[in-house]
2 protein chains.
Amino acid sequence: MREVAVIGVGIHKWGELWDLSLRDMHALATSRAIADAGIDHIDSLYVGCMSSGLFTAQEHLASLLADNAGLLPVPATRVESACASGGLAFRLGWMEVASGLSDIVLVSGVEKMTDVTGEEATFALATAADTEYEGYQGATFPGLYAMMARAHMERYGTTLRQMAAVAVKSHANGALNPDAQYPFTVSLDGVLNSTMVADPLRLLNCSPITDGAAAVILAPAEWARANLKKRPLVVIKGSGHATDTIALHSRKDLTWLEATEIAGQKAYQMAGVGPSDIDFAEVHDCFSIAEIMVTEALGFFEPGQGGPAAEAGQTARDGAKPINTSGGLKSKGHPVGATGVAQIIEVARQLWGEAGGRQLSKARRGLAQNMGGTGGSALVHILERKD
Amino acid sequence: MREVAVIGVGIHKWGELWDLSLRDMHALATSRAIADAGIDHIDSLYVGCMSSGLFTAQEHLASLLADNAGLLPVPATRVESACASGGLAFRLGWMEVASGLSDIVLVSGVEKMTDVTGEEATFALATAADTEYEGYQGATFPGLYAMMARAHMERYGTTLRQMAAVAVKSHANGALNPDAQYPFTVSLDGVLNSTMVADPLRLLNCSPITDGAAAVILAPAEWARANLKKRPLVVIKGSGHATDTIALHSRKDLTWLEATEIAGQKAYQMAGVGPSDIDFAEVHDCFSIAEIMVTEALGFFEPGQGGPAAEAGQTARDGAKPINTSGGLKSKGHPVGATGVAQIIEVARQLWGEAGGRQLSKARRGLAQNMGGTGGSALVHILERKD
């Protein structure tokens, strides 16, 4: 299989966007990615979206979006893996270019979440859990992650202050991201005293409901090296994808994200690297506890050490392992289908040296981890700059 | 890219299945496919499903189904392209094996459509059209295809009897298919006098609402040739995928299925064959007029000659170009996500010589065409028996 490069990215300011429809946001992100890459055609489109059916009564999404972006009759594929839909779309785009079937592939993610009521949005999101065994019993995602947080606190002594430190760090990064939904800082006390959502998770431990789209362009690395000169080459070195039971009660261990661990191991193996070789990462912090658990499952920290590491500043931009320099889902926003693609954008920008005020001094190899539900699906990608 | 073989298939009796949930049907079809192939592991799963969100309030579908089929932590991907979701899943499964990323891939399709009211099902299906420009104006699929039928009648003189002949032929085939939802024959007069749904389409011109699943197993042809002896080798020779505007009013020509034409041309080109080299085909007859238009777009008949060819018996099992020997969507049923996978099953069974009472005498090369909405997406695959 061929080596694949990320050659262009496109995103827009996320938020509660009453003046942009799902197709508008998608066209905005994809047209920016196409312009950024400086290409004149697309061979294929993959779009990640969790639930355009429940949020906007629109399926048959990839054809609609290909049409609206002026790309017909290009093959267009919509994939769904709940909040990991964007990461999954990226994996399939990578596979199509790597296989040689296509050369230039557009990968996008999109979700329009605010055209429904808060209750309807909660219902739609709950379909990422096991509807028959969790959803219909009243479980929602704040409640499910609250149980995971309680279990982690019980087993490892993880504290509310450690979880709050995750949110404080992410907002400090997001304040430097002009596309973030909530680009402001928050204090430790602010998090600890914010409205209770599902004990022990307070409002500022939770990622928001967001409208947004994101897009990246992939091409064969060899072609990119020969034809594109404006930037260092950024290639995909590893891709991992794994699943776990989506019903939380079926897990062997509530404090461990097995699909993330396995997807990470696959990506590390393909890339020929280990956790210590990763300079920085974008991970799926839908709730503060999720970021802590993901950094453990990826091997960045020992089990139970994710919380202390966050509190000690190790995941800050000037720490040993910067996490979520974009602001993460917490500050940047979480349009569920777009999140996995936006993670790739942040990793690519850091590797290109185009991350503005949040640019890391050392950014040669970055990782993106995207997951669905309470971790029932996970995608891990490792990107590397080639000088 | 490697040549890929179909090595096992699984399906069950389709219908209004109150005693089988979505996950039950999927487990039934996939376990039968795994047993049929005689394999002991799966590397990856692709599942096609149009709208489990609107029909059953369940997203995150591929992980759920992988779990329920005992396949965790296998990479599992759900794809959606309205009624072409199954054909699209098949294409991605083919791509993954062909690329060398995986060896044994399970491709499934599923839709649970009868747990909602008829009105809710019509609403869910209408999301395969352009919701903002068609659905919210009241357009439903019988209405949209009725307009296509009227346009075809006006331009080419296609008659009600020709459209009825399509349904009569498909039911004659489906009566021999034990898995069909409606395994009985219908008469020309019976079709012509059935309840009007959307003028000129009557009830027996329309495919039904169906619960069902279908699954196939793919593997490298070289491996299958060396290791599997019970059947002739059946390989995928061509795959084509194309899109068109999903809004009918945006088409240049209401009487022509451009995405199907383009997908067909790509598949023919990859296979190195033309329409006359195809012995038989399964095509997307969601309405009688659709089968007529598809047989024209695939080049089996000249534009406007699809209706006369059907009436003259050319598409019957003993005709020059047998179409929908399975009974088609009309008689076999149309669980929208499963349909594209079931088409592959019928083609494989004909090529293996395992089609029972509906076995064709000449079946060396078969084609499957699956489309979404009014033709806004189309998948064409060409399968061949290698003796």
# chains A, B, ... in the order shown; residues from 1 in each chain; ligands from 1
call {"tool": "residues_around", "arguments": {"residues": "Met50 of chain A", "least_positions_apart": "3", "cutoff": "10 Å", "atoms": "only C-alpha atoms", "output": "number ranges by chain"}}
result
A: 47, 53-55, 78-86, 109-112, 124-125, 127-128, 335-338, 372; B: 53, 59-60
call {"tool": "write_last_selection", "arguments": {"atoms": "N, CA, C and O atoms", "output": "short mmCIF file (atom, residue, chain, number, x, y, z; two decimals), in the first residue's frame"}}
result
data_model
loop_
_atom_site.label_atom_id
_atom_site.label_comp_id
_atom_site.auth_asym_id
_atom_site.auth_seq_id
_atom_site.Cartn_x
_atom_site.Cartn_y
_atom_site.Cartn_z
N VAL A 47 -17.54 11.12 3.92
CA VAL A 47 -18.03 12.07 4.92
C VAL A 47 -18.48 11.30 6.16
O VAL A 47 -19.21 10.30 6.07
N GLY A 53 -30.01 11.94 10.16
CA GLY A 53 -31.42 11.53 10.15
C GLY A 53 -32.17 12.09 11.34
O GLY A 53 -33.21 12.75 11.17
N LEU A 54 -31.66 11.89 12.53
CA LEU A 54 -32.36 12.35 13.73
C LEU A 54 -32.20 13.86 13.94
O LEU A 54 -33.11 14.51 14.45
N PHE A 55 -31.06 14.42 13.55
CA PHE A 55 -30.85 15.86 13.78
C PHE A 55 -31.50 16.73 12.70
O PHE A 55 -31.93 17.85 12.98
N ARG A 78 -20.89 8.01 2.92
CA ARG A 78 -21.09 8.49 4.28
C ARG A 78 -20.87 7.32 5.24
O ARG A 78 -21.40 6.24 5.03
N VAL A 79 -20.07 7.56 6.27
CA VAL A 79 -19.85 6.52 7.27
C VAL A 79 -20.32 7.03 8.63
O VAL A 79 -20.34 8.23 8.89
N GLU A 80 -20.69 6.07 9.47
CA GLU A 80 -21.22 6.41 10.80
C GLU A 80 -20.60 5.49 11.83
O GLU A 80 -20.60 4.27 11.68
N SER A 81 -20.03 6.06 12.85
CA SER A 81 -19.62 5.31 14.03
C SER A 81 -19.79 6.21 15.24
O SER A 81 -18.85 6.46 15.99
N ALA A 82 -21.02 6.76 15.36
CA ALA A 82 -21.35 7.71 16.42
C ALA A 82 -20.33 8.85 16.40
O ALA A 82 -20.03 9.38 15.33
N CYS A 83 -19.74 9.20 17.54
CA CYS A 83 -18.84 10.35 17.62
C CYS A 83 -17.48 10.07 17.00
O CYS A 83 -16.63 10.95 16.92
N ALA A 84 -17.26 8.81 16.55
CA ALA A 84 -16.02 8.47 15.85
C ALA A 84 -16.21 8.47 14.34
O ALA A 84 -15.34 8.00 13.61
N SER A 85 -17.32 9.00 13.86
CA SER A 85 -17.61 8.97 12.42
C SER A 85 -16.53 9.68 11.61
O SER A 85 -16.15 9.22 10.53
N GLY A 86 -16.04 10.80 12.12
CA GLY A 86 -15.02 11.56 11.38
C GLY A 86 -13.71 10.81 11.28
O GLY A 86 -13.08 10.75 10.22
N GLY A 109 -16.20 15.76 7.71
CA GLY A 109 -17.10 15.38 8.79
C GLY A 109 -18.02 16.55 9.05
O GLY A 109 -17.63 17.71 8.86
N VAL A 110 -19.25 16.25 9.44
CA VAL A 110 -20.21 17.34 9.65
C VAL A 110 -21.29 16.88 10.62
O VAL A 110 -21.64 15.70 10.67
N GLU A 111 -21.79 17.82 11.40
CA GLU A 111 -22.97 17.54 12.21
C GLU A 111 -23.69 18.87 12.47
O GLU A 111 -23.05 19.87 12.84
N LYS A 112 -24.98 18.87 12.25
CA LYS A 112 -25.83 20.02 12.54
C LYS A 112 -26.70 19.63 13.72
O LYS A 112 -27.63 18.83 13.57
N ALA A 124 -31.01 12.01 20.42
CA ALA A 124 -30.22 11.61 19.24
C ALA A 124 -28.86 11.10 19.68
O ALA A 124 -28.38 10.06 19.20
N LEU A 125 -28.22 11.82 20.60
CA LEU A 125 -26.89 11.39 21.06
C LEU A 125 -26.96 10.06 21.80
O LEU A 125 -26.04 9.24 21.70
N THR A 127 -28.53 7.56 21.05
CA THR A 127 -28.54 6.42 20.12
C THR A 127 -27.13 5.91 19.84
O THR A 127 -26.96 4.91 19.15
N ALA A 128 -26.10 6.58 20.38
CA ALA A 128 -24.73 6.06 20.34
C ALA A 128 -24.51 5.03 21.43
O ALA A 128 -23.51 4.30 21.42
N PRO A 335 -19.16 18.93 17.23
CA PRO A 335 -20.15 18.50 16.24
C PRO A 335 -19.78 17.05 15.90
O PRO A 335 -18.78 16.81 15.20
N VAL A 336 -20.52 16.10 16.40
CA VAL A 336 -19.99 14.75 16.60
C VAL A 336 -19.36 14.13 15.35
O VAL A 336 -18.31 13.48 15.44
N GLY A 337 -19.99 14.32 14.18
CA GLY A 337 -19.42 13.72 12.97
C GLY A 337 -18.16 14.42 12.48
O GLY A 337 -17.34 13.84 11.77
N ALA A 338 -17.97 15.68 12.87
CA ALA A 338 -16.84 16.47 12.38
C ALA A 338 -15.61 16.35 13.27
O ALA A 338 -14.48 16.63 12.84
N GLY A 372 -16.33 6.60 19.73
CA GLY A 372 -17.79 6.69 19.70
C GLY A 372 -18.39 6.24 21.01
O GLY A 372 -17.88 5.33 21.66
N GLY B 53 -31.30 5.03 12.78
CA GLY B 53 -31.65 6.12 13.69
C GLY B 53 -33.14 6.40 13.68
O GLY B 53 -33.80 6.40 14.71
N GLU B 59 -28.00 4.37 16.59
CA GLU B 59 -26.83 4.62 15.74
C GLU B 59 -25.68 3.84 16.36
O GLU B 59 -25.90 2.94 17.14
N HIS B 60 -24.45 4.19 15.99
CA HIS B 60 -23.27 3.44 16.46
C HIS B 60 -23.46 1.96 16.11
O HIS B 60 -23.12 1.05 16.90
#
call {"tool": "closest_atom_pairs", "arguments": {"of": "chain A", "to": "chain B", "cutoff": "7 Å", "atoms": "only C-alpha atoms", "output": "CSV"}}
result
residue,atom,partner,partner_atom,distance
A:Met1,CA,B:Ser99,CA,6.9
A:Ser51,CA,B:Gly53,CA,6.9
A:Gly53,CA,B:Leu54,CA,6.3
A:Leu54,CA,B:Leu54,CA,6.2
A:Ala57,CA,B:Thr127,CA,5.7
A:Gln58,CA,B:Thr127,CA,4.6
A:Glu59,CA,B:Thr127,CA,5.0
A:His60,CA,B:Ala82,CA,4.7
A:Leu61,CA,B:Ser81,CA,6.9
A:Ala62,CA,B:Ser81,CA,7.0
A:Ser63,CA,B:Thr243,CA,5.7
A:Leu64,CA,B:Ile246,CA,6.0
A:Asp67,CA,B:Thr245,CA,5.6
A:Leu72,CA,B:Thr243,CA,5.9
A:Pro73,CA,B:Thr243,CA,4.5
A:Val74,CA,B:Ala242,CA,5.6
A:Pro75,CA,B:Ala242,CA,4.6
A:Ala76,CA,B:Thr243,CA,6.8
A:Thr77,CA,B:Ser81,CA,6.9
A:Arg78,CA,B:Glu80,CA,5.4
A:Val79,CA,B:Val79,CA,4.4
A:Glu80,CA,B:Arg78,CA,5.4
A:Ser81,CA,B:His60,CA,4.8
A:Ala82,CA,B:His60,CA,4.7
A:Ser99,CA,B:Ser99,CA,4.7
A:Thr127,CA,B:Gln58,CA,4.6
A:Ala128,CA,B:His60,CA,4.9
A:Thr131,CA,B:Gln58,CA,5.8
A:His241,CA,B:Pro75,CA,5.2
A:Ala242,CA,B:Pro75,CA,4.6
A:Thr243,CA,B:Pro73,CA,4.5
A:Asp244,CA,B:Pro73,CA,5.6
A:Thr245,CA,B:Asp67,CA,5.6
A:Ile246,CA,B:Leu64,CA,6.0
A:Ala259,CA,B:Pro73,CA,6.8
A:Gly376,CA,B:Ser63,CA,6.2
A:Ser377,CA,B:Ser63,CA,6.3
call {"tool": "select_by_dssp", "arguments": {"residues": "segment 182-262 of chain A", "states": "helix (DSSP H, G or I)", "output": "JSON, numbers by chain"}}
result
{"A": [188, 189, 190, 191, 192, 203, 204, 205, 221, 222, 223, 224, 225, 226, 227, 248, 249, 250, 258, 259, 260, 261, 262]}
call {"tool": "write_last_selection", "arguments": {"atoms": "N, CA and C atoms", "output": "PDB file, in the first residue's frame"}}
result
ATOM      1  N   LEU A 188      -9.934  26.905  37.637  1.00  0.00           N
ATOM      2  CA  LEU A 188     -10.185  25.667  38.369  1.00  0.00           C
ATOM      3  C   LEU A 188     -11.450  25.808  39.232  1.00  0.00           C
ATOM      4  N   ASP A 189     -11.560  26.934  39.925  1.00  0.00           N
ATOM      5  CA  ASP A 189     -12.751  27.135  40.752  1.00  0.00           C
ATOM      6  C   ASP A 189     -13.998  27.257  39.888  1.00  0.00           C
ATOM      7  N   GLY A 190     -13.828  27.880  38.730  1.00  0.00           N
ATOM      8  CA  GLY A 190     -14.970  28.015  37.816  1.00  0.00           C
ATOM      9  C   GLY A 190     -15.513  26.651  37.417  1.00  0.00           C
ATOM     10  N   VAL A 191     -14.608  25.725  37.117  1.00  0.00           N
ATOM     11  CA  VAL A 191     -15.048  24.376  36.739  1.00  0.00           C
ATOM     12  C   VAL A 191     -15.688  23.682  37.939  1.00  0.00           C
ATOM     13  N   LEU A 192     -15.000  23.775  39.078  1.00  0.00           N
ATOM     14  CA  LEU A 192     -15.462  23.038  40.265  1.00  0.00           C
ATOM     15  C   LEU A 192     -16.801  23.545  40.786  1.00  0.00           C
ATOM     16  N   LEU A 203     -20.956  21.126  34.462  1.00  0.00           N
ATOM     17  CA  LEU A 203     -21.091  21.666  33.103  1.00  0.00           C
ATOM     18  C   LEU A 203     -19.746  21.807  32.411  1.00  0.00           C
ATOM     19  N   LEU A 204     -18.736  22.334  33.123  1.00  0.00           N
ATOM     20  CA  LEU A 204     -17.449  22.590  32.474  1.00  0.00           C
ATOM     21  C   LEU A 204     -16.558  21.343  32.406  1.00  0.00           C
ATOM     22  N   ASN A 205     -17.113  20.193  32.788  1.00  0.00           N
ATOM     23  CA  ASN A 205     -16.461  18.914  32.488  1.00  0.00           C
ATOM     24  C   ASN A 205     -17.007  18.298  31.191  1.00  0.00           C
ATOM     25  N   ALA A 221       1.732  10.242  -1.085  1.00  0.00           N
ATOM     26  CA  ALA A 221       2.856  11.032  -0.575  1.00  0.00           C
ATOM     27  C   ALA A 221       3.877  11.316  -1.683  1.00  0.00           C
ATOM     28  N   GLU A 222       4.089  10.346  -2.530  1.00  0.00           N
ATOM     29  CA  GLU A 222       5.087  10.516  -3.589  1.00  0.00           C
ATOM     30  C   GLU A 222       4.697  11.660  -4.538  1.00  0.00           C
ATOM     31  N   TRP A 223       3.395  11.693  -4.865  1.00  0.00           N
ATOM     32  CA  TRP A 223       2.885  12.749  -5.726  1.00  0.00           C
ATOM     33  C   TRP A 223       2.985  14.102  -5.018  1.00  0.00           C
ATOM     34  N   ALA A 224       2.629  14.121  -3.744  1.00  0.00           N
ATOM     35  CA  ALA A 224       2.667  15.369  -2.976  1.00  0.00           C
ATOM     36  C   ALA A 224       4.101  15.896  -2.878  1.00  0.00           C
ATOM     37  N   ARG A 225       5.031  14.990  -2.636  1.00  0.00           N
ATOM     38  CA  ARG A 225       6.434  15.400  -2.521  1.00  0.00           C
ATOM     39  C   ARG A 225       6.918  16.052  -3.814  1.00  0.00           C
ATOM     40  N   ALA A 226       6.475  15.510  -4.926  1.00  0.00           N
ATOM     41  CA  ALA A 226       6.935  16.008  -6.221  1.00  0.00           C
ATOM     42  C   ALA A 226       6.240  17.289  -6.650  1.00  0.00           C
ATOM     43  N   ASN A 227       4.989  17.452  -6.222  1.00  0.00           N
ATOM     44  CA  ASN A 227       4.182  18.527  -6.803  1.00  0.00           C
ATOM     45  C   ASN A 227       3.821  19.665  -5.868  1.00  0.00           C
ATOM     46  N   LEU A 248     -22.361  -0.072  28.266  1.00  0.00           N
ATOM     47  CA  LEU A 248     -21.351   0.067  29.322  1.00  0.00           C
ATOM     48  C   LEU A 248     -21.373  -1.121  30.288  1.00  0.00           C
ATOM     49  N   HIS A 249     -22.578  -1.649  30.566  1.00  0.00           N
ATOM     50  CA  HIS A 249     -22.687  -2.733  31.560  1.00  0.00           C
ATOM     51  C   HIS A 249     -22.038  -4.032  31.088  1.00  0.00           C
ATOM     52  N   SER A 250     -21.746  -4.127  29.794  1.00  0.00           N
ATOM     53  CA  SER A 250     -21.131  -5.361  29.281  1.00  0.00           C
ATOM     54  C   SER A 250     -19.610  -5.335  29.353  1.00  0.00           C
ATOM     55  N   GLU A 258     -10.892  -0.271  26.154  1.00  0.00           N
ATOM     56  CA  GLU A 258     -10.193  -1.338  25.443  1.00  0.00           C
ATOM     57  C   GLU A 258     -10.084  -1.076  23.940  1.00  0.00           C
ATOM     58  N   ALA A 259     -11.146  -0.553  23.330  1.00  0.00           N
ATOM     59  CA  ALA A 259     -11.084  -0.294  21.881  1.00  0.00           C
ATOM     60  C   ALA A 259     -10.001   0.738  21.579  1.00  0.00           C
ATOM     61  N   THR A 260      -9.875   1.745  22.443  1.00  0.00           N
ATOM     62  CA  THR A 260      -8.826   2.748  22.249  1.00  0.00           C
ATOM     63  C   THR A 260      -7.448   2.121  22.421  1.00  0.00           C
ATOM     64  N   GLU A 261      -7.301   1.263  23.416  1.00  0.00           N
ATOM     65  CA  GLU A 261      -6.020   0.588  23.611  1.00  0.00           C
ATOM     66  C   GLU A 261      -5.638  -0.222  22.367  1.00  0.00           C
ATOM     67  N   ILE A 262      -6.590  -1.002  21.849  1.00  0.00           N
ATOM     68  CA  ILE A 262      -6.297  -1.876  20.707  1.00  0.00           C
ATOM     69  C   ILE A 262      -6.041  -1.051  19.446  1.00  0.00           C
TER      70      ILE A 262
END
call {"tool": "residues_around", "arguments": {"residues": "Thr30 of chain B", "least_positions_apart": "2", "cutoff": "12 Å", "atoms": "only C-alpha atoms", "output": "PyMOL selection string"}}
result
chain B and resi 8-12+23-28+32-37+39+42+45-47+65-66+68-71+105-110+212-217+338+341
call {"tool": "closest_residue", "arguments": {"among": "B:Gly238, B:Gly333, B:Pro142, B:Gly272", "to": "Ala368 of chain B", "atoms": "only C-alpha atoms"}}
result
B:Gly238
call {"tool": "atom_distance", "arguments": {"atom1": "atom CA of Ala165 of chain B", "atom2": "atom CA of Pro308 of chain B"}}
result
9.4 Å
call {"tool": "closest_residue", "arguments": {"among": "A:Ala146, A:Ala29, A:Ile209, A:Val234", "to": "Thr117 of chain A", "atoms": "only C-alpha atoms"}}
result
A:Ile209
call {"tool": "residues_around", "arguments": {"residues": "Ala167 of chain A", "least_positions_apart": "2", "cutoff": "9 Å", "atoms": "only C-alpha atoms", "output": "number ranges by chain"}}
result
A: 163-165, 169-172, 186-188, 191, 204-206, 287-288, 327, 330-331
call {"tool": "select_by_dssp", "arguments": {"residues": "segment 234-357 of chain A", "states": "strand (DSSP E or B)", "output": "PyMOL selection string"}}
result
chain A and resi 234-243+280-282+287+323
call {"tool": "closest_residue", "arguments": {"among": "A:Pro178, A:Gly143, A:Gly340, A:Gly93", "to": "Ala5 of chain A", "atoms": "only C-alpha atoms"}}
result
A:Gly93
call {"tool": "atom_distance", "arguments": {"atom1": "atom CA of Gly328 of chain A", "atom2": "atom CA of Glu154 of chain A"}}
result
25.8 Å
call {"tool": "atom_distance", "arguments": {"atom1": "atom CA of Asn324 of chain A", "atom2": "atom CA of Leu20 of chain A"}}
result
26.3 Å
